[in-house]
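S.K.: Coordinates in data37.pdb, PDB, C-alpha atoms and all ligand atoms, are listed below.
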MODEL        1
ATOM      1  CA  MET A  88      28.066-102.797 113.189
ATOM      2  CA  TYR A  89      27.541 -99.925 115.610
ATOM      3  CA  ARG A  90      29.445-100.408 118.824
ATOM      4  CA  PRO A  91      28.445 -97.680 121.267
ATOM      5  CA  HIS A  92      30.842 -98.791 124.003
ATOM      6  CA  ARG A  93      33.818 -98.364 121.780
ATOM      7  CA  VAL A  94      32.780 -94.857 120.723
ATOM      8  CA  LEU A  95      32.191 -93.827 124.318
ATOM      9  CA  SER A  96      35.556 -95.030 125.549
ATOM     10  CA  TYR A  97      37.350 -93.308 122.682
ATOM     11  CA  ASN A  98      35.660 -90.003 123.462
ATOM     12  CA  PHE A  99      36.484 -90.377 127.106
ATOM     13  CA  LYS A 100      40.159 -90.877 126.379
ATOM     14  CA  LEU A 101      40.257 -87.803 124.189
ATOM     15  CA  ARG A 102      38.532 -85.708 126.791
ATOM     16  CA  HIS A 103      40.733 -87.006 129.552
ATOM     17  CA  TYR A 104      43.850 -86.094 127.619
ATOM     18  CA  ARG A 105      42.647 -82.634 126.740
ATOM     19  CA  PHE A 106      41.714 -81.704 130.295
ATOM     20  CA  ARG A 107      44.458 -83.497 132.125
ATOM     21  CA  VAL A 108      46.350 -80.384 133.159
ATOM     22  CA  PRO A 109      43.444 -78.328 134.555
ATOM     23  CA  VAL A 110      42.027 -81.396 136.319
ATOM     24  CA  ASP A 111      45.369 -81.982 138.033
ATOM     25  CA  ARG A 112      45.521 -78.384 139.171
ATOM     26  CA  PHE A 113      41.994 -78.638 140.508
ATOM     27  CA  ARG A 114      42.946 -81.830 142.312
ATOM     28  CA  GLN A 115      45.951 -80.165 143.920
ATOM     29  CA  ARG A 116      43.731 -77.384 145.235
ATOM     30  CA  TRP A 117      41.211 -79.937 146.458
ATOM     31  CA  MET A 118      43.898 -81.982 148.225
ATOM     32  CA  LEU A 119      45.220 -78.864 149.922
ATOM     33  CA  SER A 120      41.784 -77.859 151.181
ATOM     34  CA  ALA A 121      41.072 -81.472 152.237
ATOM     35  CA  ALA A 122      44.320 -81.494 154.230
ATOM     36  CA  LYS A 123      43.359 -78.195 155.872
ATOM     37  CA  SER A 124      39.908 -79.403 156.863
ATOM     38  CA  GLU A 125      41.373 -82.637 158.182
ATOM     39  CA  LEU A 126      43.632 -80.595 160.414
ATOM     40  CA  GLN A 127      40.647 -78.579 161.630
ATOM     41  CA  GLY A 128      38.783 -81.846 162.216
ATOM     42  CA  ARG A 129      41.607 -83.137 164.387
ATOM     43  CA  GLN A 130      41.558 -79.955 166.425
ATOM     44  CA  THR A 131      37.815 -80.444 166.947
ATOM     45  CA  MET A 132      38.397 -83.957 168.221
ATOM     46  CA  THR A 133      40.929 -82.944 170.826
ATOM     47  CA  THR A 134      39.080 -79.904 172.195
ATOM     48  CA  ASP A 135      36.095 -80.940 174.254
ATOM     49  CA  SER A 136      34.706 -77.419 174.562
ATOM     50  CA  GLU A 137      34.714 -76.994 170.790
ATOM     51  CA  LYS A 138      31.321 -76.220 169.277
ATOM     52  CA  ARG A 139      30.138 -78.592 166.611
ATOM     53  CA  THR A 140      27.348 -77.892 164.171
ATOM     54  CA  GLY A 141      25.058 -79.944 162.012
ATOM     55  CA  GLY A 142      21.804 -79.907 160.158
ATOM     56  CA  CYS A 143      19.572 -81.301 157.457
ATOM     57  CA  LEU A 144      20.154 -81.320 153.727
ATOM     58  CA  CYS A 145      18.247 -78.083 152.993
ATOM     59  CA  GLY A 146      19.149 -76.007 156.079
ATOM     60  CA  ALA A 147      15.657 -75.749 157.604
ATOM     61  CA  VAL A 148      16.969 -77.621 160.658
ATOM     62  CA  ARG A 149      20.329 -76.635 162.184
ATOM     63  CA  TYR A 150      21.855 -77.434 165.561
ATOM     64  CA  GLU A 151      24.904 -76.846 167.739
ATOM     65  CA  ILE A 152      26.633 -79.254 170.094
ATOM     66  CA  GLU A 153      28.975 -78.198 172.860
ATOM     67  CA  GLY A 154      31.172 -80.794 174.505
ATOM     68  CA  GLN A 155      31.647 -84.493 173.992
ATOM     69  CA  ILE A 156      29.385 -86.811 172.028
ATOM     70  CA  ARG A 157      28.786 -90.506 172.646
ATOM     71  CA  ASP A 158      30.255 -92.762 169.974
ATOM     72  CA  VAL A 159      27.920 -93.982 167.273
ATOM     73  CA  ILE A 160      25.364 -96.734 167.850
ATOM     74  CA  ALA A 161      23.700 -98.251 164.796
ATOM     75  CA  CYS A 162      20.160 -99.536 165.287
ATOM     76  CA  HIS A 163      18.991-102.167 162.842
ATOM     77  CA  CYS A 164      15.447-102.544 164.233
ATOM     78  CA  THR A 165      12.561-102.643 161.780
ATOM     79  CA  MET A 166      11.305 -99.148 162.672
ATOM     80  CA  CYS A 167      14.737 -97.559 162.202
ATOM     81  CA  ARG A 168      15.150 -99.359 158.904
ATOM     82  CA  LYS A 169      11.743 -98.151 157.716
ATOM     83  CA  GLN A 170      12.389 -94.570 158.734
ATOM     84  CA  THR A 171      15.874 -94.226 157.279
ATOM     85  CA  GLY A 172      15.682 -96.643 154.391
ATOM     86  CA  HIS A 173      18.640 -98.565 155.828
ATOM     87  CA  PHE A 174      19.596 -98.348 159.514
ATOM     88  CA  LEU A 175      19.821 -95.542 162.077
ATOM     89  CA  ALA A 176      23.308 -94.463 163.188
ATOM     90  CA  THR A 177      23.152 -91.966 166.052
ATOM     91  CA  ALA A 178      25.574 -90.146 168.341
ATOM     92  CA  ASP A 179      24.092 -89.038 171.659
ATOM     93  CA  VAL A 180      24.463 -85.689 173.412
ATOM     94  CA  TRP A 181      23.284 -84.493 176.843
ATOM     95  CA  ASN A 182      20.242 -82.222 176.395
ATOM     96  CA  GLU A 183      21.929 -79.171 177.931
ATOM     97  CA  GLN A 184      24.841 -79.477 175.493
ATOM     98  CA  PHE A 185      22.529 -79.481 172.476
ATOM     99  CA  ARG A 186      20.805 -76.447 170.948
ATOM    100  CA  LEU A 187      18.578 -76.011 167.899
ATOM    101  CA  THR A 188      19.637 -72.914 165.939
ATOM    102  CA  GLU A 189      17.081 -73.351 163.130
ATOM    103  CA  GLN A 190      13.944 -75.444 163.415
ATOM    104  CA  SER A 191      11.542 -74.108 160.785
ATOM    105  CA  GLY A 192      11.540 -77.497 159.041
ATOM    106  CA  LEU A 193      11.573 -79.707 162.129
ATOM    107  CA  LYS A 194       8.744 -82.202 162.553
ATOM    108  CA  TRP A 195       8.443 -84.926 165.168
ATOM    109  CA  TYR A 196       6.916 -88.305 164.488
ATOM    110  CA  ARG A 197       5.800 -90.438 167.397
ATOM    111  CA  SER A 198       6.902 -93.860 166.183
ATOM    112  CA  SER A 199       5.980 -95.759 169.356
ATOM    113  CA  PRO A 200       4.682 -94.822 172.823
ATOM    114  CA  GLY A 201       7.365 -92.816 174.598
ATOM    115  CA  ASN A 202       9.584 -92.284 171.557
ATOM    116  CA  ARG A 203       9.728 -89.603 168.886
ATOM    117  CA  ARG A 204      11.779 -89.125 165.761
ATOM    118  CA  GLY A 205      12.768 -85.700 164.402
ATOM    119  CA  PHE A 206      13.045 -85.088 160.677
ATOM    120  CA  CYS A 207      12.994 -82.194 158.214
ATOM    121  CA  GLU A 208       9.625 -81.794 156.537
ATOM    122  CA  THR A 209      11.207 -80.017 153.551
ATOM    123  CA  CYS A 210      14.120 -82.234 152.551
ATOM    124  CA  GLY A 211      13.315 -85.421 154.477
ATOM    125  CA  SER A 212      16.574 -85.657 156.424
ATOM    126  CA  VAL A 213      16.373 -87.944 159.449
ATOM    127  CA  LEU A 214      17.890 -86.028 162.355
ATOM    128  CA  PHE A 215      16.894 -87.011 165.886
ATOM    129  CA  PHE A 216      15.547 -89.759 168.087
ATOM    130  CA  GLN A 217      14.461 -89.060 171.640
ATOM    131  CA  SER A 218      12.624 -90.952 174.333
ATOM    132  CA  ASP A 219      10.201 -88.985 176.537
ATOM    133  CA  GLY A 220      11.965 -87.704 179.660
ATOM    134  CA  SER A 221      15.393 -88.723 178.378
ATOM    135  CA  GLU A 222      18.320 -86.592 179.495
ATOM    136  CA  TYR A 223      20.009 -86.953 176.145
ATOM    137  CA  ILE A 224      19.124 -86.702 172.473
ATOM    138  CA  CYS A 225      20.247 -89.111 169.744
ATOM    139  CA  ILE A 226      21.537 -87.261 166.682
ATOM    140  CA  THR A 227      22.053 -88.997 163.354
ATOM    141  CA  ALA A 228      25.822 -89.049 162.860
ATOM    142  CA  GLY A 229      25.542 -88.271 159.166
ATOM    143  CA  THR A 230      23.998 -84.841 159.839
ATOM    144  CA  ILE A 231      26.996 -83.579 161.852
ATOM    145  CA  ASP A 232      29.056 -81.136 159.760
ATOM    146  CA  GLY A 233      32.556 -82.104 158.649
ATOM    147  CA  LYS A 234      34.775 -84.505 160.561
ATOM    148  CA  THR A 235      33.052 -85.950 163.617
ATOM    149  CA  GLY A 236      36.010 -87.622 165.330
ATOM    150  CA  LEU A 237      33.554 -90.356 166.343
ATOM    151  CA  ARG A 238      33.704 -94.094 165.785
ATOM    152  CA  MET A 239      31.107 -96.803 165.354
ATOM    153  CA  ALA A 240      30.764 -98.397 168.800
ATOM    154  CA  ALA A 241      27.910-100.933 168.590
ATOM    155  CA  HIS A 242      25.285-102.474 166.353
ATOM    156  CA  ILE A 243      21.988-103.051 168.166
ATOM    157  CA  PHE A 244      18.796-104.968 167.323
ATOM    158  CA  VAL A 245      20.876-106.984 164.897
ATOM    159  CA  ALA A 246      18.299-109.793 165.166
ATOM    160  CA  ASP A 247      15.923-107.540 163.149
ATOM    161  CA  LYS A 248      18.421-106.370 160.542
ATOM    162  CA  GLY A 249      17.707-106.509 156.819
ATOM    163  CA  ASP A 250      18.698-109.679 154.980
ATOM    164  CA  TYR A 251      20.387-107.826 152.122
ATOM    165  CA  TYR A 252      23.536-106.722 153.983
ATOM    166  CA  THR A 253      26.157-108.131 156.314
ATOM    167  CA  ILE A 254      27.722-106.402 159.311
ATOM    168  CA  ASP A 255      31.402-107.260 159.222
ATOM    169  CA  ASP A 256      33.188-104.161 160.534
ATOM    170  CA  GLY A 257      34.380-105.946 163.693
ATOM    171  CA  VAL A 258      32.237-103.736 165.963
ATOM    172  CA  ASP A 259      30.249-105.438 168.785
ATOM    173  CA  GLN A 260      26.808-106.678 167.777
ATOM    174  CA  PHE A 261      23.787-107.152 170.025
ATOM    175  CA  ASP A 262      20.467-108.845 169.279
ATOM    176  CA  GLY A 263      18.669-106.150 171.304
ATOM    177  CA  GLU A 264      19.811-103.067 173.216
ATOM    178  CA  THR A 265      23.121-102.540 175.004
ATOM    179  CA  ASP A 266      24.484-100.235 177.660
ATOM    180  CA  SER A 267      28.070-101.100 176.770
ATOM    181  CA  VAL A 268      28.712 -97.698 175.177
ATOM    182  CA  PRO A 269      29.033 -95.096 177.961
ATOM    183  CA  MET A 270      27.740 -91.549 177.703
ATOM    184  CA  PRO A 271      30.552 -88.970 178.003
ATOM    185  CA  GLU A 272      30.975 -86.997 181.240
ATOM    186  CA  ARG A 273      28.529 -84.122 181.602
ATOM    187  CA  GLN A 274      30.078 -80.660 181.217
TER     188      GLN A 274
HETATM  189 ZN    ZN B   1      15.847 -79.890 155.431
HETATM  190 ZN    ZN B   2      15.870 -98.854 166.049
ENDMDL
END
Show me, as structure tokens, the structure contained in the file I just sent.
M.R.:
Amino acid sequence: MYRPHRVLSYNFKLRHYRFRVPVDRFRQRWMLSAAKSELQGRQTMTTDSEKRTGGCLCGAVRYEIEGQIRDVIACHCTMCRKQTGHFLATADVWNEQFRLTEQSGLKWYRSSPGNRRGFCETCGSVLFFQSDGSEYICITAGTIDGKTGLRMAAHIFVADKGDYYTIDDGVDQFDGETDSVPMPERQ
């Protein structure tokens, strides 16, 4: 009888043995570079004037942030779930501390009166949320380059969340909006 699983696991073992030394060397290099970037990340966290960068998957939208960022708020409302495919986790920045450095792919979608959502028309990355006249812009935390130094601070519109996941990270949950997460001081 042909047992494909057995054959596969045998081959894997052989391959693993043969390449064990180079893989370990590669891993050492990777760990060293990971340690270096972690150190750089920590420096970013402690220096408020540090410039942070971010952008979409393909590079057609890039931005810079100077100064502090509000901790992450996750919105579980139906519109955010539709747009992102899960939920929207954003970190907010005062308008004057935010700058687009590449916007050839940027498109805005008006999802409801007074609100617009920025995304990349080439790669589909979800990047921004902004209310008309707002003094700050909400940036999706996952598009910030490297270590963010941020933390998840609140889950909002939890009453509308999807039924296929649980929120059990110990972070405060709200059925609707909250103003419990303060914006950082303006710089
Ligand atoms: Zn893109
Ligand atoms: Zn939402």
S.K.: Expand the PyMOL selection byres (((chain A and resi 224) around 6) and not hetatm) into the explicit residue set it covers here, and present it as a PyMOL selection string.
M.R.: chain A and resi 179-180+217+223+225
S.K.: At a cut-off of 8 Å, using only C-alpha atoms, what residues contact Ala241 in chain A? Leave out same-chain residues fewer than 2 positions from it and give the result as an MDAnalysis selection string.
M.R.: chainID A and resid 159:161 239 243 258:261 268
S.K.: Quick one: apply the PyMOL selection byres (((chain A and resi 228-238) around 7) and not hetatm) to the file and drop the selected residues here as a PDB file with C-alpha atoms, in the frame of the given file.
M.R.:
ATOM      1  CA  GLY A 128      38.783 -81.846 162.216  1.00  0.00           C
ATOM      2  CA  MET A 132      38.397 -83.957 168.221  1.00  0.00           C
ATOM      3  CA  THR A 140      27.348 -77.892 164.171  1.00  0.00           C
ATOM      4  CA  GLY A 141      25.058 -79.944 162.012  1.00  0.00           C
ATOM      5  CA  GLY A 142      21.804 -79.907 160.158  1.00  0.00           C
ATOM      6  CA  CYS A 143      19.572 -81.301 157.457  1.00  0.00           C
ATOM      7  CA  ASP A 158      30.255 -92.762 169.974  1.00  0.00           C
ATOM      8  CA  VAL A 159      27.920 -93.982 167.273  1.00  0.00           C
ATOM      9  CA  ALA A 176      23.308 -94.463 163.188  1.00  0.00           C
ATOM     10  CA  THR A 177      23.152 -91.966 166.052  1.00  0.00           C
ATOM     11  CA  ALA A 178      25.574 -90.146 168.341  1.00  0.00           C
ATOM     12  CA  LEU A 214      17.890 -86.028 162.355  1.00  0.00           C
ATOM     13  CA  ILE A 226      21.537 -87.261 166.682  1.00  0.00           C
ATOM     14  CA  THR A 227      22.053 -88.997 163.354  1.00  0.00           C
ATOM     15  CA  MET A 239      31.107 -96.803 165.354  1.00  0.00           C
ATOM     16  CA  ALA A 240      30.764 -98.397 168.800  1.00  0.00           C
TER      17      ALA A 240
END
S.K.: Taking all atoms listed in the file into account, list the residues no farther than 6 Å from ligand ZN 2 (chain B), as a ChimeraX atom specification.
M.R.: /A:162-164,166-167
S.K.: Please identify the residues whose atoms come within 6 Å of ligand ZN 1 (chain B), using all atoms listed in the file, and report them as a list in words.
M.R.: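 Those residues are Cys143, Leu144, Cys145, Gly146, Ala147, Val148, Cys207, Thr209, Cys210 and Ser212 of chain A.
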S.K.: Report as a list in words the residues that result from applying the PyMOL selection byres (((chain A and resi 193) around 7) and not hetatm) to the structure here.
M.R.: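 Selected by the PyMOL selection byres (((chain A and resi 193) around 7) and not hetatm) in this file: Val148, Gln190, Ser191, Gly192, Lys194, Trp195, Gly205, Phe206, Cys207 and Glu208 of chain A.
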S.K.: Could you tell me how far CA of Val245 in chain A lies from CA of Gly257 in chain A, in Å and to one decimal?
M.R.: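 Rounded to one decimal, the two atoms are 13.6 Å apart.
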S.K.: Have a look at A:Gln155, A:Thr253, A:Ser267, A:Asn202 and name the one nearest to Asn182 in chain A; count only C-alpha atoms.
M.R.: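 Result for the nearest residue to Asn182 in chain A: A:Gln155.
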S.K.: Could you list as a PyMOL selection string every residue that has an atom within 9 Å of (21.9, -77.3, 170.3), using the file's coordinates and counting only C-alpha atoms?
M.R.: chain A and resi 140+149-153+182-188
S.K.: Pick from A:His173, A:Pro200, A:Arg157, A:Glu137: nearest to Lys248 in chain A, with all atoms listed in the file counted?
M.R.: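 Among the listed residues, A:His173 lies closest to Lys248 in chain A.
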S.K.: Box time for range 166-172 of chain A: axis-aligned, enclosing all its listed atoms, 3 Å extra on each side; report centre and edge lengths in Å to one decimal, as lines of an AutoDock Vina configuration file.
M.R.:
center_x = 13.6
center_y = -96.8
center_z = 158.5
size_x = 10.6
size_y = 11.1
size_z = 14.3
S.K.: Measuring between only C-alpha atoms, which one of A:Lys138, A:Phe216, A:Ile156, A:Ala246 shows the shortest distance to Trp181 in chain A?
M.R.: A:Ile156
S.K.: What gap, in Å, lies between CA of Asp266 in chain A and CA of Gly154 in chain A?
M.R.: 20.8 Å
S.K.: Please, what distance in Å, to one decimal, runs between CA of Ser221 in chain A and CA of Arg204 in chain A?
M.R.: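 Computing it gives 13.1 Å between the two atoms.
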S.K.: Have a look at A:Val213, A:Asp247, A:Gly263, A:Ser199 and name the one nearest to Leu175 in chain A; count all atoms listed in the file.
M.R.: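 Smallest distance to Leu175 in chain A is found for A:Val213.
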